file upload_0.pdb (PDB, N, CA and C atoms and all ligand atoms)
ATOM      1  N   MET A 699       0.830  -1.187   0.000
ATOM      2  CA  MET A 699       0.000   0.000   0.000
ATOM      3  C   MET A 699       0.874   1.251   0.000
ATOM      4  N   SER A 700       0.349   2.312  -0.605
ATOM      5  CA  SER A 700       1.103   3.559  -0.637
ATOM      6  C   SER A 700       0.956   4.301   0.688
ATOM      7  N   GLU A 701       1.750   5.346   0.861
ATOM      8  CA  GLU A 701       1.714   6.124   2.097
ATOM      9  C   GLU A 701       0.353   6.777   2.293
ATOM     10  N   PRO A 702      -0.195   6.725   3.503
ATOM     11  CA  PRO A 702      -1.458   7.422   3.747
ATOM     12  C   PRO A 702      -1.299   8.926   3.536
ATOM     13  N   VAL A 703      -2.333   9.552   2.983
ATOM     14  CA  VAL A 703      -2.332  10.992   2.765
ATOM     15  C   VAL A 703      -3.494  11.583   3.558
ATOM     16  N   GLN A 704      -3.194  12.540   4.425
ATOM     17  CA  GLN A 704      -4.223  13.123   5.286
ATOM     18  C   GLN A 704      -5.073  14.119   4.503
ATOM     19  N   VAL A 705      -6.404  13.950   4.540
ATOM     20  CA  VAL A 705      -7.328  14.906   3.953
ATOM     21  C   VAL A 705      -8.376  15.170   5.025
ATOM     22  N   SER A 706      -8.341  16.332   5.649
ATOM     23  CA  SER A 706      -9.139  16.662   6.840
ATOM     24  C   SER A 706      -9.059  15.505   7.835
ATOM     25  N   GLN A 707     -10.206  14.890   8.188
ATOM     26  CA  GLN A 707     -10.135  13.805   9.166
ATOM     27  C   GLN A 707     -10.024  12.437   8.516
ATOM     28  N   ALA A 708     -10.398  12.358   7.247
ATOM     29  CA  ALA A 708     -10.321  11.071   6.566
ATOM     30  C   ALA A 708      -8.920  10.889   5.995
ATOM     31  N   VAL A 709      -8.396   9.678   6.117
ATOM     32  CA  VAL A 709      -7.054   9.378   5.645
ATOM     33  C   VAL A 709      -7.155   8.417   4.465
ATOM     34  N   ARG A 710      -6.508   8.792   3.350
ATOM     35  CA  ARG A 710      -6.482   7.872   2.215
ATOM     36  C   ARG A 710      -5.516   6.744   2.549
ATOM     37  N   VAL A 711      -5.990   5.509   2.481
ATOM     38  CA  VAL A 711      -5.138   4.391   2.854
ATOM     39  C   VAL A 711      -4.679   3.572   1.660
ATOM     40  N   CYS A 712      -5.472   3.506   0.616
ATOM     41  CA  CYS A 712      -5.090   2.685  -0.530
ATOM     42  C   CYS A 712      -6.085   2.919  -1.649
ATOM     43  N   SER A 713      -5.828   2.245  -2.752
ATOM     44  CA  SER A 713      -6.790   2.189  -3.843
ATOM     45  C   SER A 713      -7.614   0.916  -3.668
ATOM     46  N   VAL A 714      -8.821   0.918  -4.176
ATOM     47  CA  VAL A 714      -9.651  -0.292  -4.127
ATOM     48  C   VAL A 714      -8.892  -1.471  -4.732
ATOM     49  N   ASP A 715      -8.141  -1.215  -5.792
ATOM     50  CA  ASP A 715      -7.423  -2.289  -6.484
ATOM     51  C   ASP A 715      -6.267  -2.855  -5.670
ATOM     52  N   ASP A 716      -5.852  -2.157  -4.610
ATOM     53  CA  ASP A 716      -4.784  -2.676  -3.748
ATOM     54  C   ASP A 716      -5.288  -3.790  -2.841
ATOM     55  N   LEU A 717      -6.596  -3.901  -2.701
ATOM     56  CA  LEU A 717      -7.170  -4.896  -1.788
ATOM     57  C   LEU A 717      -7.435  -6.200  -2.522
ATOM     58  N   PRO A 718      -7.361  -7.319  -1.792
ATOM     59  CA  PRO A 718      -7.769  -8.573  -2.408
ATOM     60  C   PRO A 718      -9.254  -8.512  -2.784
ATOM     61  N   ARG A 719      -9.662  -9.300  -3.780
ATOM     62  CA  ARG A 719     -11.068  -9.267  -4.217
ATOM     63  C   ARG A 719     -11.991  -9.594  -3.035
ATOM     64  N   VAL A 720     -11.641 -10.621  -2.278
ATOM     65  CA  VAL A 720     -12.282 -10.909  -0.990
ATOM     66  C   VAL A 720     -11.142 -11.210  -0.029
ATOM     67  N   GLY A 721     -10.970 -10.373   0.991
ATOM     68  CA  GLY A 721      -9.869 -10.601   1.918
ATOM     69  C   GLY A 721      -9.460  -9.313   2.597
ATOM     70  N   ALA A 722      -8.323  -9.362   3.255
ATOM     71  CA  ALA A 722      -7.935  -8.259   4.129
ATOM     72  C   ALA A 722      -6.471  -7.883   3.948
ATOM     73  N   ALA A 723      -6.193  -6.635   4.283
ATOM     74  CA  ALA A 723      -4.828  -6.114   4.327
ATOM     75  C   ALA A 723      -4.756  -5.238   5.568
ATOM     76  N   VAL A 724      -3.534  -4.879   5.951
ATOM     77  CA  VAL A 724      -3.397  -4.044   7.141
ATOM     78  C   VAL A 724      -2.739  -2.723   6.759
ATOM     79  N   ALA A 725      -3.191  -1.663   7.404
ATOM     80  CA  ALA A 725      -2.616  -0.340   7.194
ATOM     81  C   ALA A 725      -2.321   0.269   8.552
ATOM     82  N   GLU A 726      -1.336   1.149   8.590
ATOM     83  CA  GLU A 726      -1.081   1.886   9.820
ATOM     84  C   GLU A 726      -1.589   3.305   9.608
ATOM     85  N   ILE A 727      -2.526   3.711  10.440
ATOM     86  CA  ILE A 727      -3.151   5.027  10.318
ATOM     87  C   ILE A 727      -2.943   5.760  11.629
ATOM     88  N   GLU A 728      -2.206   6.845  11.570
ATOM     89  CA  GLU A 728      -1.937   7.646  12.763
ATOM     90  C   GLU A 728      -1.435   6.761  13.908
ATOM     91  N   GLY A 729      -0.540   5.831  13.577
ATOM     92  CA  GLY A 729       0.067   4.973  14.583
ATOM     93  C   GLY A 729      -0.788   3.811  15.035
ATOM     94  N   ARG A 730      -1.923   3.618  14.390
ATOM     95  CA  ARG A 730      -2.848   2.550  14.787
ATOM     96  C   ARG A 730      -2.925   1.529  13.652
ATOM     97  N   ARG A 731      -2.797   0.244  13.997
ATOM     98  CA  ARG A 731      -2.917  -0.801  12.968
ATOM     99  C   ARG A 731      -4.383  -1.084  12.709
ATOM    100  N   VAL A 732      -4.757  -0.958  11.440
ATOM    101  CA  VAL A 732      -6.164  -1.097  11.051
ATOM    102  C   VAL A 732      -6.266  -2.110   9.919
ATOM    103  N   THR A 733      -7.194  -3.044  10.061
ATOM    104  CA  THR A 733      -7.488  -3.976   8.971
ATOM    105  C   THR A 733      -8.418  -3.291   7.981
ATOM    106  N   ILE A 734      -8.082  -3.395   6.702
ATOM    107  CA  ILE A 734      -8.955  -2.938   5.628
ATOM    108  C   ILE A 734      -9.368  -4.201   4.892
ATOM    109  N   ALA A 735     -10.657  -4.485   4.848
ATOM    110  CA  ALA A 735     -11.102  -5.769   4.296
ATOM    111  C   ALA A 735     -12.256  -5.570   3.329
ATOM    112  N   ARG A 736     -12.244  -6.382   2.293
ATOM    113  CA  ARG A 736     -13.364  -6.377   1.339
ATOM    114  C   ARG A 736     -14.137  -7.671   1.507
ATOM    115  N   ASP A 737     -15.444  -7.545   1.705
ATOM    116  CA  ASP A 737     -16.255  -8.742   1.918
ATOM    117  C   ASP A 737     -16.715  -9.332   0.584
ATOM    118  N   SER A 738     -17.439 -10.431   0.671
ATOM    119  CA  SER A 738     -17.815 -11.141  -0.552
ATOM    120  C   SER A 738     -18.833 -10.376  -1.383
ATOM    121  N   ALA A 739     -19.477  -9.358  -0.789
ATOM    122  CA  ALA A 739     -20.399  -8.503  -1.547
ATOM    123  C   ALA A 739     -19.673  -7.292  -2.141
ATOM    124  N   GLY A 740     -18.374  -7.178  -1.881
ATOM    125  CA  GLY A 740     -17.596  -6.069  -2.425
ATOM    126  C   GLY A 740     -17.532  -4.865  -1.518
ATOM    127  N   GLU A 741     -18.162  -4.944  -0.351
ATOM    128  CA  GLU A 741     -18.145  -3.815   0.577
ATOM    129  C   GLU A 741     -16.808  -3.797   1.336
ATOM    130  N   ILE A 742     -16.305  -2.585   1.578
ATOM    131  CA  ILE A 742     -15.019  -2.435   2.250
ATOM    132  C   ILE A 742     -15.226  -1.975   3.692
ATOM    133  N   HIS A 743     -14.500  -2.602   4.599
ATOM    134  CA  HIS A 743     -14.625  -2.344   6.032
ATOM    135  C   HIS A 743     -13.253  -1.996   6.610
ATOM    136  N   ALA A 744     -13.281  -1.271   7.726
ATOM    137  CA  ALA A 744     -12.045  -0.961   8.448
ATOM    138  C   ALA A 744     -12.312  -1.152   9.941
ATOM    139  N   PHE A 745     -11.355  -1.776  10.610
ATOM    140  CA  PHE A 745     -11.503  -2.023  12.058
ATOM    141  C   PHE A 745     -10.127  -2.293  12.637
ATOM    142  N   ASP A 746     -10.008  -2.146  13.957
ATOM    143  CA  ASP A 746      -8.717  -2.371  14.608
ATOM    144  C   ASP A 746      -8.209  -3.771  14.281
ATOM    145  N   ASP A 747      -6.913  -3.837  14.033
ATOM    146  CA  ASP A 747      -6.325  -5.075  13.518
ATOM    147  C   ASP A 747      -6.101  -6.129  14.591
ATOM    148  N   THR A 748      -6.042  -5.732  15.845
ATOM    149  CA  THR A 748      -5.696  -6.695  16.894
ATOM    150  C   THR A 748      -6.943  -7.401  17.415
ATOM    151  N   CYS A 749      -6.906  -8.725  17.390
ATOM    152  CA  CYS A 749      -8.003  -9.523  17.938
ATOM    153  C   CYS A 749      -8.184  -9.157  19.407
ATOM    154  N   THR A 750      -9.442  -9.118  19.869
ATOM    155  CA  THR A 750      -9.689  -8.762  21.269
ATOM    156  C   THR A 750      -9.451  -9.939  22.216
ATOM    157  N   HIS A 751      -9.136 -11.098  21.665
ATOM    158  CA  HIS A 751      -8.857 -12.246  22.528
ATOM    159  C   HIS A 751      -7.374 -12.357  22.864
ATOM    160  N   ALA A 752      -6.526 -12.063  21.893
ATOM    161  CA  ALA A 752      -5.078 -12.087  22.114
ATOM    162  C   ALA A 752      -4.445 -11.188  21.069
ATOM    163  N   ASN A 753      -3.157 -10.991  21.213
ATOM    164  CA  ASN A 753      -2.473  -9.983  20.406
ATOM    165  C   ASN A 753      -2.028 -10.545  19.054
ATOM    166  N   VAL A 754      -3.008 -10.811  18.181
ATOM    167  CA  VAL A 754      -2.669 -11.276  16.839
ATOM    168  C   VAL A 754      -3.432 -10.437  15.823
ATOM    169  N   SER A 755      -2.934 -10.452  14.579
ATOM    170  CA  SER A 755      -3.493  -9.627  13.516
ATOM    171  C   SER A 755      -4.712 -10.285  12.878
ATOM    172  N   LEU A 756      -5.825  -9.566  12.894
ATOM    173  CA  LEU A 756      -7.018 -10.095  12.238
ATOM    174  C   LEU A 756      -6.879 -10.082  10.724
ATOM    175  N   ALA A 757      -6.037  -9.196  10.195
ATOM    176  CA  ALA A 757      -5.870  -9.131   8.736
ATOM    177  C   ALA A 757      -5.304 -10.429   8.171
ATOM    178  N   GLU A 758      -4.708 -11.237   9.043
ATOM    179  CA  GLU A 758      -4.171 -12.524   8.587
ATOM    180  C   GLU A 758      -5.232 -13.620   8.603
ATOM    181  N   GLY A 759      -6.447 -13.253   9.025
ATOM    182  CA  GLY A 759      -7.528 -14.226   9.068
ATOM    183  C   GLY A 759      -8.262 -14.332   7.744
ATOM    184  N   GLU A 760      -9.276 -15.192   7.732
ATOM    185  CA  GLU A 760     -10.061 -15.433   6.526
ATOM    186  C   GLU A 760     -11.321 -14.585   6.539
ATOM    187  N   VAL A 761     -11.648 -14.018   5.380
ATOM    188  CA  VAL A 761     -12.907 -13.290   5.218
ATOM    189  C   VAL A 761     -13.907 -14.225   4.556
ATOM    190  N   GLU A 762     -15.088 -14.300   5.183
ATOM    191  CA  GLU A 762     -16.154 -15.116   4.610
ATOM    192  C   GLU A 762     -17.451 -14.358   4.793
ATOM    193  N   GLY A 763     -18.107 -14.017   3.697
ATOM    194  CA  GLY A 763     -19.289 -13.161   3.789
ATOM    195  C   GLY A 763     -18.877 -11.826   4.371
ATOM    196  N   ASP A 764     -19.580 -11.380   5.432
ATOM    197  CA  ASP A 764     -19.178 -10.133   6.087
ATOM    198  C   ASP A 764     -18.507 -10.402   7.433
ATOM    199  N   LEU A 765     -17.956 -11.600   7.578
ATOM    200  CA  LEU A 765     -17.248 -11.982   8.802
ATOM    201  C   LEU A 765     -15.763 -12.140   8.514
ATOM    202  N   ILE A 766     -14.950 -11.873   9.544
ATOM    203  CA  ILE A 766     -13.536 -12.216   9.457
ATOM    204  C   ILE A 766     -13.234 -13.154  10.611
ATOM    205  N   GLU A 767     -12.490 -14.204  10.307
ATOM    206  CA  GLU A 767     -12.192 -15.213  11.318
ATOM    207  C   GLU A 767     -10.748 -15.090  11.760
ATOM    208  N   CYS A 768     -10.553 -14.969  13.069
ATOM    209  CA  CYS A 768      -9.200 -14.921  13.623
ATOM    210  C   CYS A 768      -8.514 -16.268  13.374
ATOM    211  N   TRP A 769      -7.285 -16.190  12.880
ATOM    212  CA  TRP A 769      -6.578 -17.413  12.481
ATOM    213  C   TRP A 769      -6.127 -18.233  13.686
ATOM    214  N   LEU A 770      -6.036 -17.600  14.879
ATOM    215  CA  LEU A 770      -5.429 -18.330  15.995
ATOM    216  C   LEU A 770      -6.422 -19.261  16.700
ATOM    217  N   HIS A 771      -7.586 -18.749  17.092
ATOM    218  CA  HIS A 771      -8.545 -19.584  17.813
ATOM    219  C   HIS A 771      -9.917 -19.620  17.165
ATOM    220  N   GLY A 772     -10.081 -18.948  16.044
ATOM    221  CA  GLY A 772     -11.312 -19.104  15.269
ATOM    222  C   GLY A 772     -12.465 -18.184  15.617
ATOM    223  N   SER A 773     -12.254 -17.184  16.472
ATOM    224  CA  SER A 773     -13.352 -16.238  16.700
ATOM    225  C   SER A 773     -13.685 -15.532  15.387
ATOM    226  N   GLN A 774     -14.978 -15.335  15.172
ATOM    227  CA  GLN A 774     -15.418 -14.602  13.988
ATOM    228  C   GLN A 774     -15.990 -13.265  14.436
ATOM    229  N   PHE A 775     -15.637 -12.225  13.703
ATOM    230  CA  PHE A 775     -16.128 -10.879  13.993
ATOM    231  C   PHE A 775     -16.949 -10.378  12.813
ATOM    232  N   ASP A 776     -18.084  -9.729  13.138
ATOM    233  CA  ASP A 776     -18.897  -9.049  12.134
ATOM    234  C   ASP A 776     -18.141  -7.787  11.725
ATOM    235  N   MET A 777     -17.755  -7.677  10.479
ATOM    236  CA  MET A 777     -16.912  -6.554  10.055
ATOM    237  C   MET A 777     -17.699  -5.244  10.001
ATOM    238  N   ARG A 778     -19.040  -5.310   9.992
ATOM    239  CA  ARG A 778     -19.837  -4.072   9.971
ATOM    240  C   ARG A 778     -19.931  -3.452  11.358
ATOM    241  N   THR A 779     -19.997  -4.315  12.387
ATOM    242  CA  THR A 779     -20.223  -3.822  13.746
ATOM    243  C   THR A 779     -19.036  -4.054  14.668
ATOM    244  N   GLY A 780     -18.171  -4.985  14.305
ATOM    245  CA  GLY A 780     -17.044  -5.349  15.162
ATOM    246  C   GLY A 780     -17.401  -6.376  16.221
ATOM    247  N   GLN A 781     -18.664  -6.753  16.300
ATOM    248  CA  GLN A 781     -19.093  -7.690  17.348
ATOM    249  C   GLN A 781     -18.602  -9.110  17.059
ATOM    250  N   PRO A 782     -18.132  -9.804  18.119
ATOM    251  CA  PRO A 782     -17.752 -11.201  17.922
ATOM    252  C   PRO A 782     -18.997 -12.061  17.737
ATOM    253  N   ARG A 783     -18.909 -13.010  16.838
ATOM    254  CA  ARG A 783     -20.018 -13.929  16.586
ATOM    255  C   ARG A 783     -19.708 -15.325  17.092
ATOM    256  N   GLN A 784     -18.466 -15.505  17.543
ATOM    257  CA  GLN A 784     -18.075 -16.839  17.986
ATOM    258  C   GLN A 784     -16.987 -16.722  19.035
ATOM    259  N   LEU A 785     -17.059 -17.528  20.079
ATOM    260  CA  LEU A 785     -16.031 -17.567  21.116
ATOM    261  C   LEU A 785     -14.719 -18.082  20.511
ATOM    262  N   PRO A 786     -13.579 -17.810  21.166
ATOM    263  CA  PRO A 786     -13.430 -17.341  22.539
ATOM    264  C   PRO A 786     -13.481 -15.816  22.711
ATOM    265  N   ALA A 787     -13.384 -15.005  21.667
ATOM    266  CA  ALA A 787     -13.445 -13.552  21.861
ATOM    267  C   ALA A 787     -14.842 -13.155  22.333
ATOM    268  N   THR A 788     -14.893 -12.230  23.280
ATOM    269  CA  THR A 788     -16.181 -11.750  23.790
ATOM    270  C   THR A 788     -16.337 -10.240  23.609
ATOM    271  N   GLN A 789     -15.231  -9.551  23.318
ATOM    272  CA  GLN A 789     -15.265  -8.097  23.168
ATOM    273  C   GLN A 789     -15.204  -7.719  21.687
ATOM    274  N   PRO A 790     -15.930  -6.660  21.308
ATOM    275  CA  PRO A 790     -15.890  -6.239  19.908
ATOM    276  C   PRO A 790     -14.572  -5.563  19.550
ATOM    277  N   VAL A 791     -14.250  -5.568  18.275
ATOM    278  CA  VAL A 791     -13.161  -4.733  17.776
ATOM    279  C   VAL A 791     -13.778  -3.392  17.363
ATOM    280  N   GLN A 792     -12.985  -2.335  17.501
ATOM    281  CA  GLN A 792     -13.455  -0.998  17.109
ATOM    282  C   GLN A 792     -13.521  -0.907  15.588
ATOM    283  N   VAL A 793     -14.676  -0.503  15.083
ATOM    284  CA  VAL A 793     -14.784  -0.307  13.633
ATOM    285  C   VAL A 793     -14.571   1.168  13.313
ATOM    286  N   HIS A 794     -14.128   1.433  12.091
ATOM    287  CA  HIS A 794     -13.863   2.784  11.611
ATOM    288  C   HIS A 794     -14.669   3.028  10.341
ATOM    289  N   THR A 795     -14.825   4.303  10.016
ATOM    290  CA  THR A 795     -15.671   4.674   8.881
ATOM    291  C   THR A 795     -14.868   4.649   7.583
ATOM    292  N   VAL A 796     -15.406   3.951   6.597
ATOM    293  CA  VAL A 796     -14.778   3.892   5.272
ATOM    294  C   VAL A 796     -15.594   4.737   4.302
ATOM    295  N   THR A 797     -14.887   5.567   3.531
ATOM    296  CA  THR A 797     -15.548   6.286   2.441
ATOM    297  C   THR A 797     -14.719   6.066   1.180
ATOM    298  N   LEU A 798     -15.414   6.059   0.066
ATOM    299  CA  LEU A 798     -14.755   5.892  -1.222
ATOM    300  C   LEU A 798     -14.887   7.178  -2.009
ATOM    301  N   GLU A 799     -13.783   7.573  -2.622
ATOM    302  CA  GLU A 799     -13.811   8.682  -3.581
ATOM    303  C   GLU A 799     -13.176   8.155  -4.845
ATOM    304  N   GLY A 800     -14.010   7.837  -5.811
ATOM    305  CA  GLY A 800     -13.496   7.142  -6.987
ATOM    306  C   GLY A 800     -12.952   5.801  -6.550
ATOM    307  N   ASP A 801     -11.685   5.534  -6.890
ATOM    308  CA  ASP A 801     -11.056   4.281  -6.496
ATOM    309  C   ASP A 801     -10.271   4.389  -5.203
ATOM    310  N   ASP A 802     -10.309   5.554  -4.571
ATOM    311  CA  ASP A 802      -9.536   5.756  -3.358
ATOM    312  C   ASP A 802     -10.341   5.406  -2.116
ATOM    313  N   VAL A 803      -9.669   4.677  -1.204
ATOM    314  CA  VAL A 803     -10.302   4.258   0.045
ATOM    315  C   VAL A 803      -9.814   5.177   1.168
ATOM    316  N   TYR A 804     -10.746   5.834   1.827
ATOM    317  CA  TYR A 804     -10.437   6.721   2.958
ATOM    318  C   TYR A 804     -10.997   6.109   4.222
ATOM    319  N   VAL A 805     -10.258   6.276   5.303
ATOM    320  CA  VAL A 805     -10.722   5.781   6.607
ATOM    321  C   VAL A 805     -10.691   6.948   7.588
ATOM    322  N   THR A 806     -11.779   7.079   8.312
ATOM    323  CA  THR A 806     -11.848   8.037   9.431
ATOM    324  C   THR A 806     -11.859   7.213  10.708
ATOM    325  N   LEU A 807     -10.826   7.403  11.517
ATOM    326  CA  LEU A 807     -10.742   6.639  12.759
ATOM    327  C   LEU A 807     -11.844   7.047  13.731
ATOM    328  N   ALA A 808     -12.363   6.060  14.438
ATOM    329  CA  ALA A 808     -13.347   6.331  15.488
ATOM    330  C   ALA A 808     -12.608   6.623  16.785
ATOM    331  N   GLY A 809     -13.136   7.507  17.553
ATOM    332  CA  GLY A 809     -12.618   7.747  18.891
ATOM    333  C   GLY A 809     -11.244   8.335  18.967
TER     334      GLY A 809
HETATM  335  S1  LIG B 901      -6.420 -14.665  19.327
HETATM  336 FE1  LIG B 901      -8.169 -14.278  18.121
HETATM  337  S2  LIG B 901      -9.574 -15.771  18.831
HETATM  338 FE2  LIG B 901      -7.835 -16.087  20.082
END

call {"tool": "encode", "arguments": {"input": "upload_0.pdb", "output": "structure tokens"}}
result
Amino acid sequence: MSEPVQVSQAVRVCSVDDLPRVGAAVAEIEGRRVTIARDSAGEIHAFDDTCTHANVSLAEGEVEGDLIECWLHGSQFDMRTGQPRQLPATQPVQVHTVTLEGDDVYVTLAG
């Protein structure tokens, strides 16, 4: 991915074409690791990259539908809400706002 470019509060993180057709990549935005993922419907999501169960990268997990599965213990997170759908994780991951301008993907961090 190319260097993020700050535009007001939204940060350009990549082009749509930089993402896997269905899958995830990781970006560092303002010092925070964020997963950028495209679901099977083509929708793009952004959320904190660290699993809430242990310190591993969710971007290395599998995307299926609108869920991402942590590769270590199999917790699945809803990429729209960040809520876990399967144990052992019980806490949600923070989701961030994605906007598209043409082929450019912008993320506005929450909180
Ligand atoms: S580290 Fe993600 S489910 Fe355990």

call {"tool": "residues_near_ligand", "arguments": {"input": "upload_0.pdb", "ligand": "ligand LIG 901 (chain B)", "cutoff": "7 Å", "atoms": "only N, CA and C atoms and all ligand atoms", "output": "ChimeraX atom specification"}}
result
/A:749-754,767-774,785-787

call {"tool": "select_by_dssp", "arguments": {"input": "upload_0.pdb", "residues": "region 707-749 of chain A", "states": "strand (DSSP E or B)", "output": "mmCIF file with N, CA and C atoms, in the coordinates of the input"}}
result
data_model
loop_
_atom_site.group_PDB
_atom_site.id
_atom_site.type_symbol
_atom_site.label_atom_id
_atom_site.label_comp_id
_atom_site.auth_asym_id
_atom_site.auth_seq_id
_atom_site.Cartn_x
_atom_site.Cartn_y
_atom_site.Cartn_z
ATOM 1 N N ALA A 708 -10.398 12.358 7.247
ATOM 2 C CA ALA A 708 -10.321 11.071 6.566
ATOM 3 C C ALA A 708 -8.920 10.889 5.995
ATOM 4 N N VAL A 709 -8.396 9.678 6.117
ATOM 5 C CA VAL A 709 -7.054 9.378 5.645
ATOM 6 C C VAL A 709 -7.155 8.417 4.465
ATOM 7 N N ARG A 710 -6.508 8.792 3.350
ATOM 8 C CA ARG A 710 -6.482 7.872 2.215
ATOM 9 C C ARG A 710 -5.516 6.744 2.549
ATOM 10 N N VAL A 711 -5.990 5.509 2.481
ATOM 11 C CA VAL A 711 -5.138 4.391 2.854
ATOM 12 C C VAL A 711 -4.679 3.572 1.660
ATOM 13 N N CYS A 712 -5.472 3.506 0.616
ATOM 14 C CA CYS A 712 -5.090 2.685 -0.530
ATOM 15 C C CYS A 712 -6.085 2.919 -1.649
ATOM 16 N N SER A 713 -5.828 2.245 -2.752
ATOM 17 C CA SER A 713 -6.790 2.189 -3.843
ATOM 18 C C SER A 713 -7.614 0.916 -3.668
ATOM 19 N N GLY A 721 -10.970 -10.373 0.991
ATOM 20 C CA GLY A 721 -9.869 -10.601 1.918
ATOM 21 C C GLY A 721 -9.460 -9.313 2.597
ATOM 22 N N ALA A 722 -8.323 -9.362 3.255
ATOM 23 C CA ALA A 722 -7.935 -8.259 4.129
ATOM 24 C C ALA A 722 -6.471 -7.883 3.948
ATOM 25 N N ALA A 723 -6.193 -6.635 4.283
ATOM 26 C CA ALA A 723 -4.828 -6.114 4.327
ATOM 27 C C ALA A 723 -4.756 -5.238 5.568
ATOM 28 N N VAL A 724 -3.534 -4.879 5.951
ATOM 29 C CA VAL A 724 -3.397 -4.044 7.141
ATOM 30 C C VAL A 724 -2.739 -2.723 6.759
ATOM 31 N N ALA A 725 -3.191 -1.663 7.404
ATOM 32 C CA ALA A 725 -2.616 -0.340 7.194
ATOM 33 C C ALA A 725 -2.321 0.269 8.552
ATOM 34 N N GLU A 726 -1.336 1.149 8.590
ATOM 35 C CA GLU A 726 -1.081 1.886 9.820
ATOM 36 C C GLU A 726 -1.589 3.305 9.608
ATOM 37 N N ILE A 727 -2.526 3.711 10.440
ATOM 38 C CA ILE A 727 -3.151 5.027 10.318
ATOM 39 C C ILE A 727 -2.943 5.760 11.629
ATOM 40 N N ARG A 730 -1.923 3.618 14.390
ATOM 41 C CA ARG A 730 -2.848 2.550 14.787
ATOM 42 C C ARG A 730 -2.925 1.529 13.652
ATOM 43 N N ARG A 731 -2.797 0.244 13.997
ATOM 44 C CA ARG A 731 -2.917 -0.801 12.968
ATOM 45 C C ARG A 731 -4.383 -1.084 12.709
ATOM 46 N N VAL A 732 -4.757 -0.958 11.440
ATOM 47 C CA VAL A 732 -6.164 -1.097 11.051
ATOM 48 C C VAL A 732 -6.266 -2.110 9.919
ATOM 49 N N THR A 733 -7.194 -3.044 10.061
ATOM 50 C CA THR A 733 -7.488 -3.976 8.971
ATOM 51 C C THR A 733 -8.418 -3.291 7.981
ATOM 52 N N ILE A 734 -8.082 -3.395 6.702
ATOM 53 C CA ILE A 734 -8.955 -2.938 5.628
ATOM 54 C C ILE A 734 -9.368 -4.201 4.892
ATOM 55 N N ALA A 735 -10.657 -4.485 4.848
ATOM 56 C CA ALA A 735 -11.102 -5.769 4.296
ATOM 57 C C ALA A 735 -12.256 -5.570 3.329
ATOM 58 N N ARG A 736 -12.244 -6.382 2.293
ATOM 59 C CA ARG A 736 -13.364 -6.377 1.339
ATOM 60 C C ARG A 736 -14.137 -7.671 1.507
ATOM 61 N N ILE A 742 -16.305 -2.585 1.578
ATOM 62 C CA ILE A 742 -15.019 -2.435 2.250
ATOM 63 C C ILE A 742 -15.226 -1.975 3.692
ATOM 64 N N HIS A 743 -14.500 -2.602 4.599
ATOM 65 C CA HIS A 743 -14.625 -2.344 6.032
ATOM 66 C C HIS A 743 -13.253 -1.996 6.610
ATOM 67 N N ALA A 744 -13.281 -1.271 7.726
ATOM 68 C CA ALA A 744 -12.045 -0.961 8.448
ATOM 69 C C ALA A 744 -12.312 -1.152 9.941
ATOM 70 N N PHE A 745 -11.355 -1.776 10.610
ATOM 71 C CA PHE A 745 -11.503 -2.023 12.058
ATOM 72 C C PHE A 745 -10.127 -2.293 12.637
ATOM 73 N N ASP A 746 -10.008 -2.146 13.957
ATOM 74 C CA ASP A 746 -8.717 -2.371 14.608
ATOM 75 C C ASP A 746 -8.209 -3.771 14.281
ATOM 76 N N THR A 748 -6.042 -5.732 15.845
ATOM 77 C CA THR A 748 -5.696 -6.695 16.894
ATOM 78 C C THR A 748 -6.943 -7.401 17.415
#

call {"tool": "residues_around", "arguments": {"input": "upload_0.pdb", "residues": "Val732 (chain A)", "least_positions_apart": "5", "cutoff": "6 Å", "atoms": "all atoms listed in the file", "output": "list in words"}}
result
Ala723, Val724, Ala725, Glu726, Ile727, Phe745, Asp746 and Asp747 of chain A

call {"tool": "closest_residue", "arguments": {"input": "upload_0.pdb", "among": "A:Gly729, A:Asp801, A:Val793, A:Thr788", "to": "Asp715 (chain A)", "atoms": "all atoms listed in the file"}}
result
A:Asp801

call {"tool": "resolve_selection", "arguments": {"input": "upload_0.pdb", "expression": "the PyMOL selection byres (((chain A and resi 711 and name CA) around 12) and not hetatm and name CA)", "output": "PyMOL selection string"}}
result
chain A and resi 699-705+708-710+712-717+723-728+731-735+744+796-799+801-807

call {"tool": "atom_distance", "arguments": {"input": "upload_0.pdb", "atom1": "CA of Glu760 (chain A)", "atom2": "atom C of Gln707 (chain A)"}}
result
27.9 Å

call {"tool": "atom_distance", "arguments": {"input": "upload_0.pdb", "atom1": "atom C of Gly763 (chain A)", "atom2": "atom C of Arg736 (chain A)"}}
result
6.9 Å

call {"tool": "select_by_dssp", "arguments": {"input": "upload_0.pdb", "residues": "chain A", "states": "helix (DSSP H, G or I)", "output": "JSON, numbers by chain"}}
result
{"A": [714, 715, 716, 756, 757, 758]}

call {"tool": "atom_distance", "arguments": {"input": "upload_0.pdb", "atom1": "CA of Val791 (chain A)", "atom2": "CA of Phe775 (chain A)"}}
result
7.8 Å

call {"tool": "resolve_selection", "arguments": {"input": "upload_0.pdb", "expression": "the PyMOL selection byres (((chain A and resi 777) around 6.5) and not hetatm)", "output": "number ranges by chain"}}
result
A: 743-744, 764-766, 775-776, 778-781
